[in-house]
Structures are given as C-alpha cells and as structure tokens.
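Below is coords_10.cif, which holds mmCIF, C-alpha atoms, pLDDT in the B column; chains and numbers go by the auth columns.
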data_run
loop_
_atom_site.group_PDB
_atom_site.id
_atom_site.type_symbol
_atom_site.label_atom_id
_atom_site.label_comp_id
_atom_site.label_asym_id
_atom_site.label_seq_id
_atom_site.Cartn_x
_atom_site.Cartn_y
_atom_site.Cartn_z
_atom_site.B_iso_or_equiv
_atom_site.auth_seq_id
_atom_site.auth_asym_id
ATOM 1 C CA MET A 1 109.608 114.604 113.616 90.00 1 A
ATOM 2 C CA ALA A 2 112.256 116.460 111.631 93.00 2 A
ATOM 3 C CA CYS A 3 111.757 116.888 107.894 93.00 3 A
ATOM 4 C CA PRO A 4 114.256 114.825 105.882 92.00 4 A
ATOM 5 C CA ILE A 5 114.625 117.723 103.402 93.00 5 A
ATOM 6 C CA CYS A 6 114.821 120.954 105.405 94.00 6 A
ATOM 7 C CA LYS A 7 115.426 119.428 108.885 95.00 7 A
ATOM 8 C CA LYS A 8 112.677 121.613 110.417 94.00 8 A
ATOM 9 C CA GLU A 9 109.956 120.115 112.555 95.00 9 A
ATOM 10 C CA GLY A 10 107.012 118.772 110.552 95.00 10 A
ATOM 11 C CA ARG A 11 103.501 117.691 111.502 95.00 11 A
ATOM 12 C CA ILE A 12 102.108 114.183 111.690 96.00 12 A
ATOM 13 C CA HIS A 13 98.376 113.568 111.480 95.00 13 A
ATOM 14 C CA THR A 14 96.015 110.762 110.510 95.00 14 A
ATOM 15 C CA GLY A 15 94.199 110.885 107.213 94.00 15 A
ATOM 16 C CA GLU A 16 93.557 109.405 103.793 94.00 16 A
ATOM 17 C CA HIS A 17 96.374 108.580 101.354 93.00 17 A
ATOM 18 C CA HIS A 18 95.992 107.878 97.620 94.00 18 A
ATOM 19 C CA TYR A 19 98.286 104.844 97.392 93.00 19 A
ATOM 20 C CA THR A 20 99.673 105.390 93.880 93.00 20 A
ATOM 21 C CA GLU A 21 102.966 103.822 94.975 92.00 21 A
ATOM 22 C CA SER A 22 101.228 100.496 94.330 93.00 22 A
ATOM 23 C CA GLY A 23 100.960 101.264 90.616 94.00 23 A
ATOM 24 C CA LEU A 24 97.189 101.327 90.958 95.00 24 A
ATOM 25 C CA GLN A 25 95.150 104.504 90.683 93.00 25 A
ATOM 26 C CA ASN A 26 92.155 103.247 92.632 91.00 26 A
ATOM 27 C CA VAL A 27 93.560 102.498 96.112 93.00 27 A
ATOM 28 C CA TRP A 28 93.142 104.814 99.094 93.00 28 A
ATOM 29 C CA LEU A 29 94.450 104.049 102.563 93.00 29 A
ATOM 30 C CA MET A 30 92.214 105.245 105.362 92.00 30 A
ATOM 31 C CA GLY A 31 93.538 106.207 108.783 92.00 31 A
ATOM 32 C CA VAL A 32 97.195 106.277 107.781 92.00 32 A
ATOM 33 C CA GLU A 33 99.760 108.568 109.436 93.00 33 A
ATOM 34 C CA LEU A 34 100.767 111.461 107.176 94.00 34 A
ATOM 35 C CA PHE A 35 103.804 113.738 107.503 95.00 35 A
ATOM 36 C CA GLU A 36 103.651 117.353 106.283 95.00 36 A
ATOM 37 C CA CYS A 37 106.264 120.109 106.407 95.00 37 A
ATOM 38 C CA ASP A 38 106.076 123.805 105.567 95.00 38 A
ATOM 39 C CA CYS A 39 108.807 123.278 102.931 95.00 39 A
ATOM 40 C CA GLY A 40 106.314 121.200 100.925 94.00 40 A
ATOM 41 C CA GLU A 41 107.644 117.759 101.780 94.00 41 A
ATOM 42 C CA ASN A 42 104.921 115.245 102.597 93.00 42 A
ATOM 43 C CA PHE A 43 104.631 111.479 102.731 92.00 43 A
ATOM 44 C CA ALA A 44 102.642 108.663 104.276 92.00 44 A
ATOM 45 C CA PHE A 45 103.871 106.122 106.802 92.00 45 A
ATOM 46 C CA ILE A 46 102.726 102.882 105.203 89.00 46 A
ATOM 47 C CA PRO A 47 103.017 100.046 107.703 82.00 47 A
ATOM 48 C CA CYS A 48 104.024 96.683 106.343 87.00 48 A
ATOM 49 C CA ALA A 49 103.655 97.424 102.626 87.00 49 A
ATOM 50 C CA GLN A 50 104.188 93.753 101.716 88.00 50 A
ATOM 51 C CA GLU A 51 101.187 92.696 103.812 90.00 51 A
ATOM 52 C CA LEU A 52 99.151 95.582 102.398 92.00 52 A
ATOM 53 C CA ASN A 53 99.972 94.544 98.827 92.00 53 A
ATOM 54 C CA LYS A 54 99.004 90.961 99.631 92.00 54 A
ATOM 55 C CA LEU A 55 95.611 92.111 100.900 93.00 55 A
ATOM 56 C CA ILE A 56 95.098 94.365 97.859 94.00 56 A
ATOM 57 C CA SER A 57 95.919 91.364 95.644 95.00 57 A
ATOM 58 C CA GLN A 58 93.248 89.306 97.371 94.00 58 A
ATOM 59 C CA ILE A 59 90.696 92.069 96.770 93.00 59 A
ATOM 60 C CA LEU A 60 91.668 92.140 93.087 95.00 60 A
ATOM 61 C CA LEU A 61 91.342 88.364 92.773 94.00 61 A
ATOM 62 C CA ARG A 62 87.842 88.486 94.234 91.00 62 A
ATOM 63 C CA LYS A 63 86.529 91.452 92.248 89.00 63 A
ATOM 64 C CA GLU A 64 83.672 90.628 89.919 85.00 64 A
ATOM 65 C CA GLY A 65 84.808 92.831 87.062 87.00 65 A
ATOM 66 C CA GLN A 66 87.538 91.986 84.600 91.00 66 A
ATOM 67 C CA LEU A 67 91.093 92.806 85.702 95.00 67 A
ATOM 68 C CA SER A 68 92.449 96.044 84.262 95.00 68 A
ATOM 69 C CA GLY A 69 95.931 96.332 82.786 96.00 69 A
ATOM 70 C CA ARG A 70 97.242 98.108 85.884 96.00 70 A
ATOM 71 C CA GLU A 71 95.764 95.379 88.082 97.00 71 A
ATOM 72 C CA ILE A 72 97.427 92.650 86.001 98.00 72 A
ATOM 73 C CA ARG A 73 100.757 94.513 86.268 98.00 73 A
ATOM 74 C CA PHE A 74 100.266 94.841 90.045 97.00 74 A
ATOM 75 C CA LEU A 75 99.653 91.089 90.426 98.00 75 A
ATOM 76 C CA ARG A 76 102.611 90.211 88.186 98.00 76 A
ATOM 77 C CA LYS A 77 104.966 92.515 90.064 97.00 77 A
ATOM 78 C CA HIS A 78 103.705 91.253 93.415 95.00 78 A
ATOM 79 C CA MET A 79 104.707 87.764 92.268 96.00 79 A
ATOM 80 C CA GLY A 80 108.148 89.197 91.460 96.00 80 A
ATOM 81 C CA MET A 81 107.929 88.171 87.805 97.00 81 A
ATOM 82 C CA LYS A 82 109.276 89.873 84.697 98.00 82 A
ATOM 83 C CA SER A 83 106.639 90.293 82.005 97.00 83 A
ATOM 84 C CA LYS A 84 108.406 87.890 79.609 97.00 84 A
ATOM 85 C CA ASP A 85 108.520 85.177 82.298 98.00 85 A
ATOM 86 C CA PHE A 86 104.883 85.793 83.215 98.00 86 A
ATOM 87 C CA ALA A 87 103.910 85.546 79.527 98.00 87 A
ATOM 88 C CA LYS A 88 105.759 82.255 79.161 97.00 88 A
ATOM 89 C CA GLU A 89 104.162 80.774 82.286 96.00 89 A
ATOM 90 C CA ILE A 90 100.596 81.545 81.193 96.00 90 A
ATOM 91 C CA GLY A 91 101.191 80.645 77.544 96.00 91 A
ATOM 92 C CA VAL A 92 101.033 83.988 75.724 97.00 92 A
ATOM 93 C CA LYS A 93 103.553 86.188 73.913 97.00 93 A
ATOM 94 C CA PRO A 94 105.293 88.993 75.843 97.00 94 A
ATOM 95 C CA VAL A 95 103.687 91.558 73.530 98.00 95 A
ATOM 96 C CA THR A 96 100.273 90.289 74.660 98.00 96 A
ATOM 97 C CA VAL A 97 101.111 90.966 78.317 98.00 97 A
ATOM 98 C CA SER A 98 102.396 94.402 77.306 98.00 98 A
ATOM 99 C CA ARG A 99 99.115 95.177 75.527 98.00 99 A
ATOM 100 C CA TRP A 100 97.114 94.112 78.569 97.00 100 A
ATOM 101 C CA GLU A 101 99.213 96.098 81.019 97.00 101 A
ATOM 102 C CA ASN A 102 99.190 99.236 78.857 96.00 102 A
ATOM 103 C CA GLY A 103 95.414 99.056 78.482 93.00 103 A
ATOM 104 C CA ASP A 104 95.586 98.551 74.709 95.00 104 A
ATOM 105 C CA SER A 105 93.725 95.252 74.734 95.00 105 A
ATOM 106 C CA PRO A 106 92.114 93.460 77.691 93.00 106 A
ATOM 107 C CA PRO A 107 92.648 89.731 78.162 95.00 107 A
ATOM 108 C CA THR A 108 89.871 87.404 77.110 93.00 108 A
ATOM 109 C CA GLU A 109 87.612 86.122 79.883 90.00 109 A
ATOM 110 C CA PRO A 110 89.370 82.711 79.997 91.00 110 A
ATOM 111 C CA LEU A 111 92.779 84.425 80.268 95.00 111 A
ATOM 112 C CA ASP A 112 91.491 86.723 83.014 94.00 112 A
ATOM 113 C CA ARG A 113 90.490 83.591 84.919 91.00 113 A
ATOM 114 C CA LEU A 114 93.855 81.969 84.229 94.00 114 A
ATOM 115 C CA ILE A 115 95.726 85.032 85.533 97.00 115 A
ATOM 116 C CA ARG A 116 93.740 84.930 88.779 95.00 116 A
ATOM 117 C CA LEU A 117 94.234 81.195 89.267 94.00 117 A
ATOM 118 C CA PHE A 118 97.919 81.401 88.351 96.00 118 A
ATOM 119 C CA TYR A 119 98.451 84.152 90.932 97.00 119 A
ATOM 120 C CA ALA A 120 96.500 82.264 93.615 95.00 120 A
ATOM 121 C CA ALA A 121 98.430 79.040 92.956 93.00 121 A
ATOM 122 C CA ARG A 122 101.844 80.710 92.812 95.00 122 A
ATOM 123 C CA MET A 123 101.225 82.703 95.988 95.00 123 A
ATOM 124 C CA GLY A 124 99.841 79.734 97.955 92.00 124 A
ATOM 125 C CA LEU A 125 96.268 81.000 98.111 91.00 125 A
ATOM 126 C CA GLY A 126 94.484 77.692 97.561 88.00 126 A
ATOM 127 C CA GLU A 127 91.404 78.812 99.470 88.00 127 A
ATOM 128 C CA ILE A 128 90.962 81.822 97.192 89.00 128 A
ATOM 129 C CA ALA A 129 91.514 79.657 94.095 87.00 129 A
ATOM 130 C CA THR A 130 88.718 77.350 95.251 85.00 130 A
ATOM 131 C CA GLU A 131 86.476 80.337 95.980 84.00 131 A
ATOM 132 C CA LEU A 132 87.163 81.759 92.507 82.00 132 A
ATOM 133 C CA VAL A 133 86.213 78.525 90.781 80.00 133 A
ATOM 134 C CA LYS A 134 83.078 77.932 92.875 77.00 134 A
ATOM 135 C CA ASP A 135 81.675 81.430 93.325 71.00 135 A
ATOM 136 C CA LYS A 136 83.266 84.220 91.330 64.00 136 A
ATOM 137 C CA PHE A 137 83.942 83.120 87.792 63.00 137 A
ATOM 138 C CA HIS A 138 80.342 82.919 86.691 60.00 138 A
ATOM 139 C CA ARG A 139 79.879 86.543 87.797 58.00 139 A
ATOM 140 C CA LEU A 140 82.818 88.159 85.977 54.00 140 A
ATOM 141 C CA GLN A 141 81.670 91.210 84.040 56.00 141 A
ATOM 142 C CA LYS A 142 83.447 92.332 80.898 59.00 142 A
ATOM 143 C CA GLY A 143 84.713 95.850 80.425 59.00 143 A
ATOM 144 C CA GLN A 144 84.036 97.092 83.954 59.00 144 A
ATOM 145 C CA LYS A 145 86.174 100.043 85.062 66.00 145 A
ATOM 146 C CA GLU A 146 88.524 99.869 88.049 69.00 146 A
ATOM 147 C CA SER A 147 86.478 100.235 91.216 73.00 147 A
ATOM 148 C CA PRO A 148 87.859 102.302 94.083 76.00 148 A
ATOM 149 C CA ILE A 149 89.450 100.315 96.889 74.00 149 A
ATOM 150 C CA TYR A 150 89.230 102.023 100.270 75.00 150 A
ATOM 151 C CA PHE A 151 91.454 100.161 102.671 66.00 151 A
ATOM 152 C CA PRO A 152 91.331 100.836 106.425 73.00 152 A
ATOM 153 C CA ILE A 153 94.984 100.769 107.451 73.00 153 A
ATOM 154 C CA ASP A 154 94.121 99.324 110.869 73.00 154 A
ATOM 155 C CA GLN A 155 93.357 95.978 109.168 67.00 155 A
ATOM 156 C CA ILE A 156 97.053 95.426 108.560 65.00 156 A
ATOM 157 C CA LYS A 157 98.984 93.485 111.163 55.00 157 A
ATOM 158 C CA ARG A 158 100.962 95.828 113.364 52.00 158 A
ATOM 159 C CA GLU A 159 103.672 93.263 114.071 48.00 159 A
ATOM 160 C CA PRO A 160 106.929 93.619 112.130 45.00 160 A
ATOM 161 C CA CYS A 161 106.688 92.050 108.695 44.00 161 A
ATOM 162 C CA LEU A 162 109.264 89.868 107.074 42.00 162 A
ATOM 163 C CA ILE A 163 110.027 91.030 103.556 35.00 163 A
#
Render the structure in this file as structure tokens.
Amino acid sequence: MACPICKKEGRIHTGEHHYTESGLQNVWLMGVELFECDCGENFAFIPCAQELNKLISQILLRKEGQLSGREIRFLRKHMGMKSKDFAKEIGVKPVTVSRWENGDSPPTEPLDRLIRLFYAARMGLGEIATELVKDKFHRLQKGQKESPIYFPIDQIKREPCLI
C-alpha cells in the first residue's frame, strides 16, 4: 500500500494498537492491521469503529469500578450528546458534568448508576440495564482506577457497518 504522505510503499502487519482515538487511555486493540512507512507515517486500520465503540461501551457499563471522567465522556459522546444536554437529562448542572469529565470530582455512587442506566436505556440495551440492576450495582467499588481493556479485534463483525 502506498503511503498517503510520501507515496512510497509502506508495510502492513498485524499487531497491538493503543486506541487513544476513543478518548480513553486504557484501550488496546489486539490483532489489528497496522501501516508503517519509512517516512514516519503510521496508522491502524480500525474495522467498524462504531461497532467497536459500542462493545467498549458495554464493557464500561459492566465494569465493577466507578466510571472515570474519560469513561463518562466516552459514553456521552457515543450517545451523540452535548455535555449541557446530557447534564439536563440526568438532572445535574453542566459544570458538574465538566468536573466529572475533567477528573476534578467523581460522580456519587447513585449518579454513577444513573449514568449507566441512562446510557443503557438511551442506546436500547435493556438486557444490560437489567443485568446492572440485578448483578453489578451491589459490587461497584469507589475510587478504582481505569482498568486496561484489551480487545481482540477479531470479535468485531467483519460485515460492513452502517454508521
């Protein structure tokens, strides 16, 4: 494949990609195709990013630790909501959402639960909402750091995705 920068032939290989494009610092894609060129250009071929982000969201909803600010921002953006609209929908001030997302102040445990349920309801994930209420909420742990998410890329559907 030709490099989009220098037009010389680059190399494609399979490897691990730190998926910071998601806005999260703790997601690595395993077995993804990577492009490298001698000019320094490199990038990952991320198949069906919308499906990938949906699966990452489901992992975040099910995690036992409290959601971090970056994780809340990821969920909000995946819903396609502006922070002021998100704040209004869950009944807090926009500055509160800003404080959460910037890591200045984590949400209370009840608000963490509300964020998860709101996301699940808005995104049509009734089964996950039921699972959260029955199994996960009693195990939420306060103040836990973001855990690494290693995501095997072959779990994503290879069919074309509608965005």
May I have the residues within 12 Å of range 80-88 of chain A as number ranges by chain, using all atoms listed in the file and disregarding those fewer than 6 positions away in the same chain?
A: 50, 72-74, 94-101, 111, 114-115, 118-119, 122-123
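Put simply, the PyMOL selection byres ((chain A and resi 31-35) around 8) in this file takes in Gly10, Arg11, Ile12, His13, Thr14, Gly15, Glu16, His17, Leu29, Met30, Glu36, Cys37, Glu41, Asn42, Phe43, Ala44, Phe45, Ile46, Pro152, Ile153 and Asp154 of chain A.
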Please write the residues picked by the PyMOL selection byres ((chain A and resi 26) around 10) on this file as a VMD selection string.
chain A and resid 18 to 20 22 to 25 27 to 28 70 to 71 146 to 150
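Minimum atom-to-atom distances from A:Gly69, A:Asp38, A:Lys54, A:Cys6 to Asn102 in chain A were compared using only C-alpha atoms, and the lowest value belongs to A:Gly69.
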How many Å separate CA of Glu127 in chain A from CA of Glu21 in chain A?
27.9 Å
Hey, can I get the axis-aligned box for range 75-78 of chain A? All listed atoms, 3 Å padding on each side, centre and edge lengths in Å to one decimal, as lines of an AutoDock Vina configuration file.
center_x = 102.3
center_y = 91.4
center_z = 90.8
size_x = 11.3
size_y = 8.3
size_z = 11.2
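What separates CA of Thr108 in chain A from CA of Ile56 in chain A is a distance of 22.5 Å.
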Taking all atoms listed in the file into account, which of A:Cys3, A:Leu61, A:Leu117, A:Cys39 comes nearest Ala129 in chain A?
A:Leu117
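Taking CA of Ile59 in chain A as the reference point, CA of Lys134 in chain A is found at 16.5 Å.
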Would you kindly return, as an NGL selection string, each protein, DNA or RNA residue with an atom no farther than 9 Å from any atom of Leu60 in chain A, considering only C-alpha atoms and excluding same-chain residues fewer than 6 positions away?
:A and (67 or 71 or 75 or 116)
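Nearest residue to Ile128 in chain A among A:Lys93, A:Arg113, A:Lys7, A:Arg62 is A:Arg62, counting all atoms listed in the file.
Considering only C-alpha atoms, the residue among A:Ile90, A:Leu132, A:Cys48, A:Ile5 positioned nearest to Lys63 in chain A is A:Leu132.
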